[in-house]
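Notes for the one structure printed next.
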Amino acid sequence: MPKPWTIRPLVADDVEAFMDLQKRLVQESGREGSNIFTPLEAWDETRAHRQRATLPEKLRTALEQSGWYRLFGLFVEDKLAGESSLRCGELPTERHRATLGISLDQTVRGQGLGRRLMEYTIDWAVNETSVDWIDLYVFEHNTPARGLYDGLGFTQIGRTSDRFRTFDKRITDLHMVLDCAQRRANSSD
Ligand SMILES: CC(C)(COP(=O)(O)OP(=O)(O)OC[C@H]1O[C@@H](n2cnc3c(N)ncnc32)[C@H](O)[C@@H]1OP(=O)(O)O)[C@@H](O)C(=O)NCCC(=O)NCCS
């Protein structure tokens, strides 16, 4: 770990830095030989504007309600360099599941920080919520991300070929899950 880093939940004041990070990531994916890791082909300022307006309130939604959303930030030398997200579905009948996403700036990858951010996010879900399952979706060709998820105990339960068509490619998407209820039970043993 060459540089000082820290991980913490993001709050409304972090939204601008979060949007800047999203923009860097969208503008990297699929370009200049980079891995394609998002279905977004270009930065959409209208969509970003909507997100900026709605994010602060979403981050405050009580965890007892459905539809809550939380972001966690990886700060390297005090700059937001990675984010993970957990999104609970909108229906009361899906309150026991949350969908996870993660992305780091190119400059800080491959140093073990993605794993640290995943571990933080999973621990938070296990300890602070009643979520029993974490879902995630990953492109089949995304070897680094799949290595990370496999190593943390996620198992593949679905595969959708031709899920997205982007940069003239047909993208196969994998659905993976982590059994949080099992983790919770193991940690209270
Ligand atoms: C996927 C991502 C979050 C991984 O974070 P990271 O900090 O680079 O990964 P780490 O250094 O913590 O490595 C964790 C594991 O990931 C895998 N991994 C990381 N980089 C890898 C690479 N270049 N090739 C193969 N596996 C790799 C390994 O299994 C590694 O475990 P190990 O350290 O025991 O070998 C990061 O590369 C990233 O943000 N990529 C771009 C965005 C993205 O793909 N997001 C996921 C969308 S589903």
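Scheme for the structure tokens: letters A, B, ... for chains in order shown; per-chain residue numbers from 1; ligand numbers from 1 in order shown.
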Sel. of strand (DSSP E or B) residues, stretch 111-148 of chain A, as a PyMOL selection string: chain A and resi 133-139
Contacts of ligand 1, 9 Å or closer, only C-alpha atoms and all ligand atoms, given as a PyMOL selection string: chain A and resi 25+29+35-38+82-84+100-106+108-118+136-139+142-152
Would you save the residues of that selection, restricted to N, CA and C atoms, as a short mmCIF file (atom, residue, chain, number, x, y, z; two decimals), in the first residue's frame?
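Full text of result-v7.cif as output:
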```cif
data_model
loop_
_atom_site.label_atom_id
_atom_site.label_comp_id
_atom_site.auth_asym_id
_atom_site.auth_seq_id
_atom_site.Cartn_x
_atom_site.Cartn_y
_atom_site.Cartn_z
N LEU A 25 -14.60 7.38 -15.10
CA LEU A 25 -14.74 5.95 -15.38
C LEU A 25 -15.46 5.72 -16.71
N SER A 29 -13.84 3.58 -19.94
CA SER A 29 -14.32 2.25 -20.33
C SER A 29 -14.40 2.10 -21.86
N ASN A 35 -10.41 -2.06 -20.87
CA ASN A 35 -11.50 -2.99 -20.65
C ASN A 35 -12.85 -2.26 -20.74
N ILE A 36 -13.87 -2.92 -21.30
CA ILE A 36 -15.23 -2.35 -21.20
C ILE A 36 -15.82 -2.86 -19.88
N PHE A 37 -16.17 -1.93 -18.97
CA PHE A 37 -16.70 -2.38 -17.69
C PHE A 37 -18.03 -1.73 -17.32
N THR A 38 -18.53 -0.85 -18.19
CA THR A 38 -19.85 -0.25 -17.92
C THR A 38 -20.67 -0.24 -19.21
N GLY A 82 -12.14 5.81 -5.56
CA GLY A 82 -12.91 4.59 -5.80
C GLY A 82 -14.22 4.67 -5.07
N GLU A 83 -15.20 3.94 -5.59
CA GLU A 83 -16.52 3.94 -4.92
C GLU A 83 -17.13 2.56 -5.01
N SER A 84 -17.93 2.25 -3.99
CA SER A 84 -18.78 1.07 -4.07
C SER A 84 -20.19 1.52 -3.71
N LEU A 100 -24.81 -4.66 -5.51
CA LEU A 100 -23.52 -4.01 -5.26
C LEU A 100 -22.84 -3.61 -6.57
N GLY A 101 -22.17 -2.46 -6.55
CA GLY A 101 -21.32 -2.05 -7.66
C GLY A 101 -20.01 -1.51 -7.11
N ILE A 102 -18.94 -1.58 -7.89
CA ILE A 102 -17.64 -1.05 -7.42
C ILE A 102 -16.81 -0.61 -8.62
N SER A 103 -16.07 0.47 -8.45
CA SER A 103 -15.11 0.90 -9.47
C SER A 103 -14.03 1.77 -8.83
N LEU A 104 -12.82 1.56 -9.28
CA LEU A 104 -11.67 2.35 -8.80
C LEU A 104 -11.06 3.10 -9.97
N ASP A 105 -10.46 4.23 -9.68
CA ASP A 105 -9.68 4.94 -10.68
C ASP A 105 -8.55 4.02 -11.15
N GLN A 106 -8.22 4.17 -12.43
CA GLN A 106 -7.17 3.35 -13.04
C GLN A 106 -5.85 3.39 -12.26
N VAL A 108 -5.18 3.57 -9.18
CA VAL A 108 -5.06 2.91 -7.86
C VAL A 108 -5.43 1.42 -7.92
N ARG A 109 -5.61 0.90 -9.12
CA ARG A 109 -5.99 -0.53 -9.23
C ARG A 109 -4.78 -1.44 -9.01
N GLY A 110 -5.08 -2.70 -8.70
CA GLY A 110 -4.03 -3.72 -8.61
C GLY A 110 -3.14 -3.58 -7.40
N GLN A 111 -3.60 -2.89 -6.35
CA GLN A 111 -2.79 -2.72 -5.13
C GLN A 111 -3.52 -3.26 -3.91
N GLY A 112 -4.59 -4.02 -4.14
CA GLY A 112 -5.33 -4.60 -3.02
C GLY A 112 -6.42 -3.71 -2.48
N LEU A 113 -6.60 -2.50 -3.07
CA LEU A 113 -7.58 -1.56 -2.52
C LEU A 113 -9.02 -1.93 -2.90
N GLY A 114 -9.20 -2.53 -4.09
CA GLY A 114 -10.53 -2.97 -4.48
C GLY A 114 -11.04 -4.03 -3.51
N ARG A 115 -10.16 -4.92 -3.13
CA ARG A 115 -10.54 -5.95 -2.15
C ARG A 115 -10.92 -5.32 -0.81
N ARG A 116 -10.13 -4.33 -0.38
CA ARG A 116 -10.43 -3.66 0.91
C ARG A 116 -11.81 -2.98 0.85
N LEU A 117 -12.09 -2.33 -0.28
CA LEU A 117 -13.37 -1.62 -0.41
C LEU A 117 -14.53 -2.62 -0.45
N MET A 118 -14.33 -3.74 -1.13
CA MET A 118 -15.38 -4.79 -1.15
C MET A 118 -15.61 -5.33 0.26
N LEU A 136 -24.72 -9.00 -7.62
CA LEU A 136 -23.93 -8.11 -8.48
C LEU A 136 -23.93 -8.64 -9.90
N TYR A 137 -23.61 -7.75 -10.82
CA TYR A 137 -23.59 -8.09 -12.24
C TYR A 137 -22.22 -7.70 -12.79
N VAL A 138 -21.63 -8.60 -13.58
CA VAL A 138 -20.29 -8.34 -14.09
C VAL A 138 -20.18 -8.88 -15.51
N PHE A 139 -19.50 -8.13 -16.37
CA PHE A 139 -19.32 -8.60 -17.73
C PHE A 139 -18.41 -9.83 -17.72
N ASN A 142 -14.65 -9.46 -17.93
CA ASN A 142 -13.98 -8.59 -16.95
C ASN A 142 -13.21 -9.44 -15.93
N THR A 143 -12.06 -9.94 -16.36
CA THR A 143 -11.27 -10.87 -15.54
C THR A 143 -10.87 -10.31 -14.18
N PRO A 144 -10.36 -9.07 -14.08
CA PRO A 144 -9.98 -8.56 -12.75
C PRO A 144 -11.17 -8.55 -11.78
N ALA A 145 -12.32 -8.06 -12.24
CA ALA A 145 -13.48 -7.97 -11.34
C ALA A 145 -13.95 -9.38 -10.94
N ARG A 146 -13.96 -10.30 -11.89
CA ARG A 146 -14.42 -11.66 -11.55
C ARG A 146 -13.48 -12.33 -10.56
N GLY A 147 -12.17 -12.06 -10.71
CA GLY A 147 -11.20 -12.62 -9.76
C GLY A 147 -11.48 -12.11 -8.35
N LEU A 148 -11.77 -10.82 -8.28
CA LEU A 148 -12.08 -10.20 -6.98
C LEU A 148 -13.34 -10.84 -6.36
N TYR A 149 -14.39 -10.96 -7.15
CA TYR A 149 -15.67 -11.47 -6.62
C TYR A 149 -15.56 -12.95 -6.24
N ASP A 150 -14.88 -13.72 -7.09
CA ASP A 150 -14.70 -15.15 -6.76
C ASP A 150 -13.97 -15.29 -5.43
N GLY A 151 -12.91 -14.47 -5.27
CA GLY A 151 -12.07 -14.55 -4.07
C GLY A 151 -12.82 -14.19 -2.79
N LEU A 152 -13.92 -13.42 -2.94
CA LEU A 152 -14.69 -13.01 -1.76
C LEU A 152 -15.88 -13.91 -1.50
#
```
Selected residue of minimal separation from A:Asp13 among A:Gly33, A:Gly158, A:Val26, A:Arg52, counting only C-alpha atoms: A:Arg52
Neighbour list for A:Asp162 as a PyMOL selection string, cut-off 9 Å, only C-alpha atoms, skip fewer than 6 positions in-chain: chain A and resi 169-173
DSSP-assigned helix (DSSP H, G or I) among stretch 10-178 of chain A, expressed as a ChimeraX atom specification: /A:12-28,45-60,92-94,106-108,113-128,143-151
